[in-house]
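With PDB, C-alpha atoms, pLDDT in the B column inside, this is coords.pdb:
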MODEL        1
ATOM      1  CA  MET A 197       0.000   0.000   0.000  1.00 41.00           C
ATOM      2  CA  HIS A 198       1.235   3.464  -0.815  1.00 39.00           C
ATOM      3  CA  VAL A 199       1.366   5.471   2.405  1.00 44.00           C
ATOM      4  CA  ARG A 200       0.493   9.120   2.030  1.00 48.00           C
ATOM      5  CA  ASN A 201       2.920  11.424   3.769  1.00 46.00           C
ATOM      6  CA  ASP A 202       3.718  14.380   1.550  1.00 43.00           C
ATOM      7  CA  ARG A 203       6.437  16.151   3.541  1.00 37.00           C
ATOM      8  CA  ALA A 204       6.146  19.276   1.456  1.00 38.00           C
ATOM      9  CA  SER A 205       2.545  19.631   2.473  1.00 42.00           C
ATOM     10  CA  GLY A 206       2.673  18.611   6.125  1.00 45.00           C
ATOM     11  CA  PRO A 207       2.408  15.281   7.958  1.00 45.00           C
ATOM     12  CA  ASP A 208      -1.343  14.908   7.465  1.00 47.00           C
ATOM     13  CA  ASP A 209      -1.586  15.783   3.792  1.00 48.00           C
ATOM     14  CA  GLY A 210      -2.071  13.366   0.927  1.00 49.00           C
ATOM     15  CA  PRO A 211      -0.621  13.805  -2.561  1.00 47.00           C
ATOM     16  CA  GLU A 212      -1.808  16.586  -4.811  1.00 48.00           C
ATOM     17  CA  SER A 213      -4.830  15.632  -6.862  1.00 48.00           C
ATOM     18  CA  ALA A 214      -4.441  15.769 -10.614  1.00 51.00           C
ATOM     19  CA  GLY A 215      -5.961  18.810 -12.200  1.00 54.00           C
ATOM     20  CA  PRO A 216      -5.254  22.389 -13.144  1.00 59.00           C
ATOM     21  CA  ARG A 217      -5.763  23.751  -9.625  1.00 66.00           C
ATOM     22  CA  ARG A 218      -3.635  22.842  -6.644  1.00 72.00           C
ATOM     23  CA  SER A 219      -5.759  21.863  -3.698  1.00 74.00           C
ATOM     24  CA  THR A 220      -5.395  24.072  -0.662  1.00 86.00           C
ATOM     25  CA  GLN A 221      -3.952  22.921   2.631  1.00 82.00           C
ATOM     26  CA  ALA A 222      -7.427  23.103   4.184  1.00 84.00           C
ATOM     27  CA  GLU A 223      -8.845  20.862   1.455  1.00 85.00           C
ATOM     28  CA  ARG A 224      -6.056  18.319   1.876  1.00 85.00           C
ATOM     29  CA  ARG A 225      -6.513  18.364   5.612  1.00 88.00           C
ATOM     30  CA  ALA A 226     -10.258  17.792   5.215  1.00 91.00           C
ATOM     31  CA  ARG A 227      -9.635  14.828   2.887  1.00 90.00           C
ATOM     32  CA  THR A 228      -7.179  13.353   5.343  1.00 93.00           C
ATOM     33  CA  ARG A 229      -9.576  13.765   8.238  1.00 94.00           C
ATOM     34  CA  ALA A 230     -12.485  12.211   6.313  1.00 93.00           C
ATOM     35  CA  ALA A 231     -10.384   9.196   5.291  1.00 95.00           C
ATOM     36  CA  LEU A 232      -9.180   8.638   8.858  1.00 95.00           C
ATOM     37  CA  LEU A 233     -12.694   8.978  10.280  1.00 95.00           C
ATOM     38  CA  GLU A 234     -14.096   6.455   7.830  1.00 94.00           C
ATOM     39  CA  SER A 235     -11.306   3.996   8.543  1.00 95.00           C
ATOM     40  CA  ALA A 236     -11.757   4.415  12.303  1.00 96.00           C
ATOM     41  CA  ALA A 237     -15.525   3.983  11.967  1.00 95.00           C
ATOM     42  CA  ARG A 238     -15.006   0.654  10.212  1.00 93.00           C
ATOM     43  CA  GLY A 239     -12.568  -0.402  12.899  1.00 94.00           C
ATOM     44  CA  LEU A 240     -14.886   0.564  15.749  1.00 94.00           C
ATOM     45  CA  SER A 241     -17.805  -1.243  14.104  1.00 91.00           C
ATOM     46  CA  ARG A 242     -15.785  -4.432  13.715  1.00 90.00           C
ATOM     47  CA  HIS A 243     -13.534  -4.484  16.760  1.00 90.00           C
ATOM     48  CA  GLY A 244     -14.885  -1.981  19.297  1.00 92.00           C
ATOM     49  CA  TYR A 245     -12.968   0.716  21.132  1.00 94.00           C
ATOM     50  CA  SER A 246     -10.633  -1.388  23.260  1.00 94.00           C
ATOM     51  CA  ASN A 247      -9.319  -3.365  20.284  1.00 94.00           C
ATOM     52  CA  LEU A 248      -8.964  -0.393  17.946  1.00 94.00           C
ATOM     53  CA  VAL A 249      -5.333  -0.001  16.831  1.00 94.00           C
ATOM     54  CA  LEU A 250      -4.540   3.531  15.677  1.00 95.00           C
ATOM     55  CA  GLU A 251      -1.635   2.474  13.468  1.00 94.00           C
ATOM     56  CA  GLN A 252      -3.964   0.112  11.625  1.00 95.00           C
ATOM     57  CA  VAL A 253      -6.595   2.851  11.261  1.00 95.00           C
ATOM     58  CA  ALA A 254      -4.022   5.125   9.658  1.00 96.00           C
ATOM     59  CA  ARG A 255      -2.626   2.387   7.419  1.00 95.00           C
ATOM     60  CA  GLU A 256      -6.051   1.364   6.106  1.00 95.00           C
ATOM     61  CA  ALA A 257      -6.835   5.013   5.361  1.00 94.00           C
ATOM     62  CA  GLY A 258      -3.597   5.285   3.382  1.00 94.00           C
ATOM     63  CA  TYR A 259      -1.770   7.569   5.821  1.00 93.00           C
ATOM     64  CA  THR A 260       0.911   7.324   8.476  1.00 92.00           C
ATOM     65  CA  ARG A 261       0.330   7.199  12.209  1.00 91.00           C
ATOM     66  CA  GLY A 262       1.881  10.657  12.403  1.00 92.00           C
ATOM     67  CA  ALA A 263      -0.826  11.985  10.098  1.00 92.00           C
ATOM     68  CA  LEU A 264      -3.460  10.558  12.430  1.00 94.00           C
ATOM     69  CA  TYR A 265      -1.896  12.156  15.512  1.00 94.00           C
ATOM     70  CA  HIS A 266      -1.699  15.429  13.636  1.00 92.00           C
ATOM     71  CA  GLN A 267      -5.517  15.325  13.420  1.00 93.00           C
ATOM     72  CA  PHE A 268      -6.477  13.590  16.694  1.00 95.00           C
ATOM     73  CA  LYS A 269      -4.617  13.715  19.985  1.00 92.00           C
ATOM     74  CA  ASP A 270      -5.478  10.163  21.090  1.00 95.00           C
ATOM     75  CA  LYS A 271      -7.886   7.256  20.671  1.00 95.00           C
ATOM     76  CA  GLN A 272     -10.593   8.908  22.768  1.00 96.00           C
ATOM     77  CA  ASP A 273     -10.448  12.073  20.680  1.00 96.00           C
ATOM     78  CA  LEU A 274     -10.705   9.982  17.510  1.00 96.00           C
ATOM     79  CA  ALA A 275     -13.648   7.927  18.808  1.00 95.00           C
ATOM     80  CA  LEU A 276     -15.541  11.066  19.829  1.00 96.00           C
ATOM     81  CA  ALA A 277     -14.954  12.552  16.390  1.00 96.00           C
ATOM     82  CA  VAL A 278     -16.116   9.342  14.715  1.00 95.00           C
ATOM     83  CA  SER A 279     -19.285   9.310  16.804  1.00 93.00           C
ATOM     84  CA  GLY A 280     -20.145  12.823  15.684  1.00 93.00           C
ATOM     85  CA  TRP A 281     -19.210  12.077  12.074  1.00 92.00           C
ATOM     86  CA  VAL A 282     -21.423   8.985  11.885  1.00 92.00           C
ATOM     87  CA  LEU A 283     -24.295  10.862  13.534  1.00 91.00           C
ATOM     88  CA  GLU A 284     -23.973  13.607  10.929  1.00 92.00           C
ATOM     89  CA  ALA A 285     -23.993  11.029   8.120  1.00 91.00           C
ATOM     90  CA  TRP A 286     -27.102   9.417   9.674  1.00 93.00           C
ATOM     91  CA  GLN A 287     -28.837  12.786   9.792  1.00 93.00           C
ATOM     92  CA  GLN A 288     -28.047  13.420   6.140  1.00 93.00           C
ATOM     93  CA  GLU A 289     -29.216   9.994   4.950  1.00 93.00           C
ATOM     94  CA  VAL A 290     -31.976   9.119   7.428  1.00 94.00           C
ATOM     95  CA  GLY A 291     -32.987  12.207   9.367  1.00 93.00           C
ATOM     96  CA  ARG A 292     -33.698  14.284   6.293  1.00 94.00           C
ATOM     97  CA  ALA A 293     -35.910  11.589   4.804  1.00 94.00           C
ATOM     98  CA  VAL A 294     -37.882  11.438   8.063  1.00 95.00           C
ATOM     99  CA  GLU A 295     -38.289  15.218   8.141  1.00 94.00           C
ATOM    100  CA  GLN A 296     -39.848  15.186   4.671  1.00 94.00           C
ATOM    101  CA  GLU A 297     -42.779  13.012   5.845  1.00 94.00           C
ATOM    102  CA  PRO A 298     -45.656  15.151   7.158  1.00 94.00           C
ATOM    103  CA  ASP A 299     -47.474  12.185   8.735  1.00 95.00           C
ATOM    104  CA  PRO A 300     -45.782  10.948  11.954  1.00 96.00           C
ATOM    105  CA  ALA A 301     -46.694   7.298  11.322  1.00 95.00           C
ATOM    106  CA  ARG A 302     -45.202   7.377   7.841  1.00 94.00           C
ATOM    107  CA  ALA A 303     -42.198   9.251   9.221  1.00 95.00           C
ATOM    108  CA  LEU A 304     -41.470   6.428  11.675  1.00 96.00           C
ATOM    109  CA  LEU A 305     -41.797   3.776   8.962  1.00 95.00           C
ATOM    110  CA  THR A 306     -39.515   5.862   6.762  1.00 94.00           C
ATOM    111  CA  LEU A 307     -37.041   6.029   9.635  1.00 96.00           C
ATOM    112  CA  ALA A 308     -37.095   2.227   9.865  1.00 95.00           C
ATOM    113  CA  ARG A 309     -36.490   1.738   6.162  1.00 93.00           C
ATOM    114  CA  ALA A 310     -33.877   4.478   5.773  1.00 94.00           C
ATOM    115  CA  HIS A 311     -32.002   3.327   8.882  1.00 94.00           C
ATOM    116  CA  THR A 312     -31.911  -0.201   7.492  1.00 93.00           C
ATOM    117  CA  VAL A 313     -30.384   1.051   4.259  1.00 92.00           C
ATOM    118  CA  PHE A 314     -27.866   3.070   6.286  1.00 92.00           C
ATOM    119  CA  CYS A 315     -26.976  -0.085   8.216  1.00 88.00           C
ATOM    120  CA  ARG A 316     -25.801  -1.712   4.992  1.00 89.00           C
ATOM    121  CA  ARG A 317     -22.735   0.538   5.243  1.00 85.00           C
ATOM    122  CA  ASP A 318     -19.786  -0.817   7.188  1.00 81.00           C
ATOM    123  CA  ILE A 319     -19.604   2.291   9.368  1.00 83.00           C
ATOM    124  CA  ALA A 320     -23.129   1.956  10.716  1.00 82.00           C
ATOM    125  CA  GLY A 321     -22.314  -0.318  13.646  1.00 85.00           C
ATOM    126  CA  VAL A 322     -20.310   2.300  15.539  1.00 90.00           C
ATOM    127  CA  ALA A 323     -23.095   3.463  17.862  1.00 87.00           C
ATOM    128  CA  VAL A 324     -24.299  -0.029  18.799  1.00 87.00           C
ATOM    129  CA  ALA A 325     -20.762  -1.343  19.316  1.00 90.00           C
ATOM    130  CA  LEU A 326     -19.737   1.562  21.527  1.00 92.00           C
ATOM    131  CA  ARG A 327     -22.961   1.596  23.526  1.00 88.00           C
ATOM    132  CA  LEU A 328     -22.562  -2.091  24.339  1.00 89.00           C
ATOM    133  CA  GLU A 329     -18.882  -1.742  25.198  1.00 92.00           C
ATOM    134  CA  PHE A 330     -19.338   1.265  27.494  1.00 92.00           C
ATOM    135  CA  SER A 331     -22.643   0.252  29.059  1.00 86.00           C
ATOM    136  CA  GLY A 332     -22.614   1.189  32.739  1.00 86.00           C
ATOM    137  CA  GLN A 333     -19.183   2.837  32.507  1.00 91.00           C
ATOM    138  CA  ASP A 334     -18.286   6.433  33.264  1.00 93.00           C
ATOM    139  CA  HIS A 335     -16.453   7.227  30.053  1.00 93.00           C
ATOM    140  CA  PRO A 336     -16.646  10.267  27.729  1.00 95.00           C
ATOM    141  CA  VAL A 337     -17.153   8.112  24.638  1.00 93.00           C
ATOM    142  CA  GLY A 338     -19.935   6.160  26.322  1.00 92.00           C
ATOM    143  CA  HIS A 339     -21.604   9.378  27.462  1.00 93.00           C
ATOM    144  CA  GLU A 340     -21.514  10.809  23.930  1.00 93.00           C
ATOM    145  CA  VAL A 341     -23.011   7.668  22.404  1.00 91.00           C
ATOM    146  CA  GLU A 342     -25.739   7.552  25.048  1.00 91.00           C
ATOM    147  CA  ARG A 343     -26.545  11.181  24.359  1.00 91.00           C
ATOM    148  CA  GLY A 344     -27.121  10.398  20.688  1.00 90.00           C
ATOM    149  CA  TYR A 345     -29.263   7.405  21.627  1.00 91.00           C
ATOM    150  CA  ARG A 346     -31.429   9.509  23.938  1.00 93.00           C
ATOM    151  CA  VAL A 347     -31.911  12.121  21.223  1.00 93.00           C
ATOM    152  CA  LEU A 348     -33.158   9.417  18.837  1.00 94.00           C
ATOM    153  CA  VAL A 349     -35.539   7.948  21.422  1.00 96.00           C
ATOM    154  CA  GLU A 350     -36.908  11.396  22.258  1.00 96.00           C
ATOM    155  CA  ARG A 351     -37.372  12.145  18.578  1.00 96.00           C
ATOM    156  CA  CYS A 352     -39.331   8.918  18.120  1.00 97.00           C
ATOM    157  CA  ALA A 353     -41.408   9.610  21.236  1.00 98.00           C
ATOM    158  CA  GLY A 354     -42.341  13.011  19.841  1.00 97.00           C
ATOM    159  CA  LEU A 355     -43.430  11.466  16.549  1.00 97.00           C
ATOM    160  CA  ILE A 356     -45.442   8.786  18.352  1.00 97.00           C
ATOM    161  CA  GLN A 357     -47.284  11.354  20.414  1.00 97.00           C
ATOM    162  CA  ALA A 358     -47.876  13.539  17.355  1.00 97.00           C
ATOM    163  CA  GLY A 359     -49.269  10.527  15.505  1.00 97.00           C
ATOM    164  CA  ARG A 360     -51.604   9.730  18.382  1.00 97.00           C
ATOM    165  CA  ASP A 361     -52.791  13.310  18.462  1.00 97.00           C
ATOM    166  CA  ALA A 362     -53.429  13.169  14.717  1.00 96.00           C
ATOM    167  CA  GLY A 363     -55.167   9.803  14.948  1.00 95.00           C
ATOM    168  CA  THR A 364     -52.718   7.949  12.678  1.00 95.00           C
ATOM    169  CA  ILE A 365     -51.102   5.971  15.520  1.00 96.00           C
ATOM    170  CA  PRO A 366     -53.338   4.164  18.031  1.00 96.00           C
ATOM    171  CA  ASP A 367     -53.152   4.876  21.746  1.00 96.00           C
ATOM    172  CA  GLY A 368     -51.163   2.544  23.943  1.00 95.00           C
ATOM    173  CA  PRO A 369     -48.405   2.575  26.541  1.00 96.00           C
ATOM    174  CA  PRO A 370     -46.570   5.856  27.246  1.00 97.00           C
ATOM    175  CA  ALA A 371     -44.951   7.278  24.140  1.00 97.00           C
ATOM    176  CA  GLY A 372     -41.497   7.177  25.745  1.00 96.00           C
ATOM    177  CA  ASP A 373     -41.788   3.452  26.458  1.00 97.00           C
ATOM    178  CA  VAL A 374     -43.024   2.738  22.954  1.00 97.00           C
ATOM    179  CA  ALA A 375     -40.131   4.781  21.556  1.00 97.00           C
ATOM    180  CA  LEU A 376     -37.643   2.632  23.464  1.00 97.00           C
ATOM    181  CA  ALA A 377     -39.263  -0.509  22.076  1.00 97.00           C
ATOM    182  CA  LEU A 378     -39.344   0.991  18.589  1.00 97.00           C
ATOM    183  CA  VAL A 379     -35.641   1.871  18.567  1.00 95.00           C
ATOM    184  CA  GLY A 380     -34.866  -1.585  19.933  1.00 94.00           C
ATOM    185  CA  ALA A 381     -36.944  -3.171  17.171  1.00 95.00           C
ATOM    186  CA  ILE A 382     -35.134  -1.156  14.511  1.00 94.00           C
ATOM    187  CA  GLU A 383     -31.680  -1.990  15.832  1.00 91.00           C
ATOM    188  CA  GLY A 384     -32.349  -5.625  16.664  1.00 91.00           C
ATOM    189  CA  THR A 385     -34.183  -6.500  13.480  1.00 92.00           C
ATOM    190  CA  SER A 386     -31.752  -4.657  11.206  1.00 89.00           C
ATOM    191  CA  ILE A 387     -28.891  -6.614  12.801  1.00 88.00           C
ATOM    192  CA  ALA A 388     -30.771  -9.918  12.540  1.00 90.00           C
ATOM    193  CA  VAL A 389     -31.597  -9.494   8.829  1.00 89.00           C
ATOM    194  CA  ALA A 390     -28.327  -7.820   7.822  1.00 83.00           C
ATOM    195  CA  GLY A 391     -27.443  -8.763   4.284  1.00 81.00           C
ATOM    196  CA  GLN A 392     -30.960  -9.849   3.334  1.00 82.00           C
ATOM    197  CA  VAL A 393     -31.329  -7.174   0.671  1.00 84.00           C
ATOM    198  CA  PRO A 394     -33.916  -5.974  -0.363  1.00 84.00           C
ATOM    199  CA  HIS A 395     -36.195  -7.631   2.194  1.00 88.00           C
ATOM    200  CA  ASP A 396     -34.382  -6.139   5.169  1.00 90.00           C
ATOM    201  CA  GLU A 397     -36.167  -2.795   4.694  1.00 92.00           C
ATOM    202  CA  SER A 398     -39.650  -4.296   4.701  1.00 91.00           C
ATOM    203  CA  LEU A 399     -38.938  -6.623   7.615  1.00 93.00           C
ATOM    204  CA  VAL A 400     -37.635  -3.819   9.826  1.00 94.00           C
ATOM    205  CA  ALA A 401     -40.593  -1.636   8.828  1.00 94.00           C
ATOM    206  CA  ALA A 402     -42.926  -4.506   9.737  1.00 94.00           C
ATOM    207  CA  ALA A 403     -41.290  -4.795  13.176  1.00 95.00           C
ATOM    208  CA  VAL A 404     -41.797  -1.069  13.750  1.00 96.00           C
ATOM    209  CA  ALA A 405     -45.405  -1.256  12.574  1.00 96.00           C
ATOM    210  CA  GLY A 406     -46.011  -4.020  15.114  1.00 95.00           C
ATOM    211  CA  VAL A 407     -44.618  -1.895  17.940  1.00 96.00           C
ATOM    212  CA  LEU A 408     -46.839   1.011  16.877  1.00 96.00           C
ATOM    213  CA  GLY A 409     -49.962  -1.137  16.487  1.00 94.00           C
ATOM    214  CA  LEU A 410     -50.170  -0.438  12.752  1.00 93.00           C
ATOM    215  CA  PRO A 411     -50.882  -2.892   9.922  1.00 89.00           C
ATOM    216  CA  ALA A 412     -47.672  -4.483   8.731  1.00 76.00           C
ATOM    217  CA  PRO A 413     -46.400  -3.143   5.415  1.00 72.00           C
ATOM    218  CA  ALA A 414     -46.297  -5.676   2.609  1.00 58.00           C
ATOM    219  CA  VAL A 415     -43.077  -7.680   2.353  1.00 51.00           C
ATOM    220  CA  PRO A 416     -42.177  -8.265  -1.297  1.00 50.00           C
ATOM    221  CA  PRO A 417     -41.771 -11.930  -2.281  1.00 46.00           C
ATOM    222  CA  ARG A 418     -38.271 -13.339  -2.676  1.00 47.00           C
TER     223      ARG A 418
ENDMDL
END
Kindly present the structure from the file in structure tokens form.
Amino acid sequence: MHVRNDRASGPDDGPESAGPRRSTQAERRARTRAALLESAARGLSRHGYSNLVLEQVAREAGYTRGALYHQFKDKQDLALAVSGWVLEAWQQEVGRAVEQEPDPARALLTLARAHTVFCRRDIAGVAVALRLEFSGQDHPVGHEVERGYRVLVERCAGLIQAGRDAGTIPDGPPAGDVALALVGAIEGTSIAVAGQVPHDESLVAAAVAGVLGLPAPAVPPR
């Protein structure tokens, strides 16, 4: 593997891209950071925090360990950055699709389907892996992951209550409890049917519909 370490550009910069315009230092730094974050996200999804090796993260991204330390001061700093980066990607790919649905019930089913598609990416397991590893521990990475989880549950609870108020979701247990069950159904089912494309979307949506007390969406035949 060619290791990127252009000394003329700084320890974290990759080679100049071909083209009439030289990329700026800020652009090279952003490319380096994005590559390292993606590599670290894959590593955290597969191996967890404790088994993450920073030298391997840098190597798989095509950079040196020095380039990584030029961007992140230590493993904790990297993991926190990855958590925020994955959450931002989730918002772009899932959150925006949910926001475009005016009906809360449809929004929750859209969340289930879009999240399942997102989970096909190898970076999607970061949140689940870190939450399991840091469960019950007083650790900054665990706190950050739990914060993101609570935001998702609260968002789902708000949609459930809005759907009940609009009459598109039937009454039932407290919205917060249903939201916890709904997020659990999304995560558990998407993990269980991982790789079963394209039926994974419909199966996760059916699990969410069951939690909400809605008719199950049709599952296309194999």
statement: Closest of A:Ser235, A:Thr228, A:Ser241, A:Ser331 to Gln267 (chain A), counting all atoms listed in the file, is A:Thr228
The PyMOL selection byres ((chain A and resi 273-278) around 9) applied to the shown file, residues as a PyMOL selection string: chain A and resi 232-234+236-237+240+245+264+267-272+279-283+322+336-337+340-341
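Run against this file, the PyMOL selection byres ((chain A and resi 386) around 9) gives back Ala308, His311, Thr312, Cys315, Ala381, Ile382, Glu383, Gly384, Thr385, Ile387, Ala388, Val389, Ala390, Asp396, Glu397, Leu399 and Val400 of chain A.
The space between CA of Gly359 (chain A) and CA of Ala285 (chain A) spans 26.3 Å.
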Contacts of Arg261 (chain A) within 8 Å, all atoms listed in the file, excl. fewer than 6 positions in-chain, as an NGL selection string: :A and (250-251 or 254-255)
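One distance worth recording is that between CA of Ala320 (chain A) and CA of Ala231 (chain A), which is 15.6 Å.
When CA of Ala412 (chain A) is paired with CA of Leu305 (chain A), their separation reads 10.1 Å.
Minimum distance to Arg302 (chain A) across A:His266, A:Ala377, A:Gln221, A:Ile365 (counting only C-alpha atoms) occurs at A:Ile365.
Neighbouring residues of Pro300 (chain A) at 8 Å or closer, counting all atoms listed in the file and skipping chain neighbours under 5 positions away, are Leu355, Ile356, Ala358, Gly359 and Thr364 of chain A.
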Reference answer for the PyMOL selection byres ((chain A and resi 306) around 9), as a PDB file with C-alpha atoms, in the frame of the given file:
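Contents of out06.pdb, freshly written:
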ATOM      1  CA  VAL A 290     -31.976   9.119   7.428  1.00 94.00           C
ATOM      2  CA  ALA A 293     -35.910  11.589   4.804  1.00 94.00           C
ATOM      3  CA  VAL A 294     -37.882  11.438   8.063  1.00 95.00           C
ATOM      4  CA  GLU A 297     -42.779  13.012   5.845  1.00 94.00           C
ATOM      5  CA  ALA A 301     -46.694   7.298  11.322  1.00 95.00           C
ATOM      6  CA  ARG A 302     -45.202   7.377   7.841  1.00 94.00           C
ATOM      7  CA  ALA A 303     -42.198   9.251   9.221  1.00 95.00           C
ATOM      8  CA  LEU A 304     -41.470   6.428  11.675  1.00 96.00           C
ATOM      9  CA  LEU A 305     -41.797   3.776   8.962  1.00 95.00           C
ATOM     10  CA  LEU A 307     -37.041   6.029   9.635  1.00 96.00           C
ATOM     11  CA  ALA A 308     -37.095   2.227   9.865  1.00 95.00           C
ATOM     12  CA  ARG A 309     -36.490   1.738   6.162  1.00 93.00           C
ATOM     13  CA  ALA A 310     -33.877   4.478   5.773  1.00 94.00           C
ATOM     14  CA  HIS A 311     -32.002   3.327   8.882  1.00 94.00           C
ATOM     15  CA  ALA A 401     -40.593  -1.636   8.828  1.00 94.00           C
TER      16      ALA A 401
END
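Take the candidates A:Tyr265, A:Glu289, A:His243, A:Val393 and check each one against Gly321 (chain A) using only C-alpha atoms; the shortest distance goes to A:His243.
Between Cys352 (chain A) and the residues A:Val249, A:Leu326, A:Ala402, A:Leu408, the shortest atom-to-atom distance, using all atoms listed in the file, involves A:Leu408.
The nearest approach to Leu328 (chain A) among the residues A:Glu223, A:Asp373, A:Asp367, A:Glu342, with all atoms listed in the file taken into account, belongs to A:Glu342.
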Pull region 266-309 of chain A out of the block and emit C-alpha atoms, as a short mmCIF file (atom, residue, chain, number, x, y, z; two decimals), in the first residue's frame.
data_model
loop_
_atom_site.label_atom_id
_atom_site.label_comp_id
_atom_site.auth_asym_id
_atom_site.auth_seq_id
_atom_site.Cartn_x
_atom_site.Cartn_y
_atom_site.Cartn_z
CA HIS A 266 -1.70 15.43 13.64
CA GLN A 267 -5.52 15.32 13.42
CA PHE A 268 -6.48 13.59 16.69
CA LYS A 269 -4.62 13.71 19.99
CA ASP A 270 -5.48 10.16 21.09
CA LYS A 271 -7.89 7.26 20.67
CA GLN A 272 -10.59 8.91 22.77
CA ASP A 273 -10.45 12.07 20.68
CA LEU A 274 -10.71 9.98 17.51
CA ALA A 275 -13.65 7.93 18.81
CA LEU A 276 -15.54 11.07 19.83
CA ALA A 277 -14.95 12.55 16.39
CA VAL A 278 -16.12 9.34 14.71
CA SER A 279 -19.28 9.31 16.80
CA GLY A 280 -20.14 12.82 15.68
CA TRP A 281 -19.21 12.08 12.07
CA VAL A 282 -21.42 8.98 11.89
CA LEU A 283 -24.30 10.86 13.53
CA GLU A 284 -23.97 13.61 10.93
CA ALA A 285 -23.99 11.03 8.12
CA TRP A 286 -27.10 9.42 9.67
CA GLN A 287 -28.84 12.79 9.79
CA GLN A 288 -28.05 13.42 6.14
CA GLU A 289 -29.22 9.99 4.95
CA VAL A 290 -31.98 9.12 7.43
CA GLY A 291 -32.99 12.21 9.37
CA ARG A 292 -33.70 14.28 6.29
CA ALA A 293 -35.91 11.59 4.80
CA VAL A 294 -37.88 11.44 8.06
CA GLU A 295 -38.29 15.22 8.14
CA GLN A 296 -39.85 15.19 4.67
CA GLU A 297 -42.78 13.01 5.85
CA PRO A 298 -45.66 15.15 7.16
CA ASP A 299 -47.47 12.19 8.73
CA PRO A 300 -45.78 10.95 11.95
CA ALA A 301 -46.69 7.30 11.32
CA ARG A 302 -45.20 7.38 7.84
CA ALA A 303 -42.20 9.25 9.22
CA LEU A 304 -41.47 6.43 11.67
CA LEU A 305 -41.80 3.78 8.96
CA THR A 306 -39.52 5.86 6.76
CA LEU A 307 -37.04 6.03 9.64
CA ALA A 308 -37.10 2.23 9.87
CA ARG A 309 -36.49 1.74 6.16
#
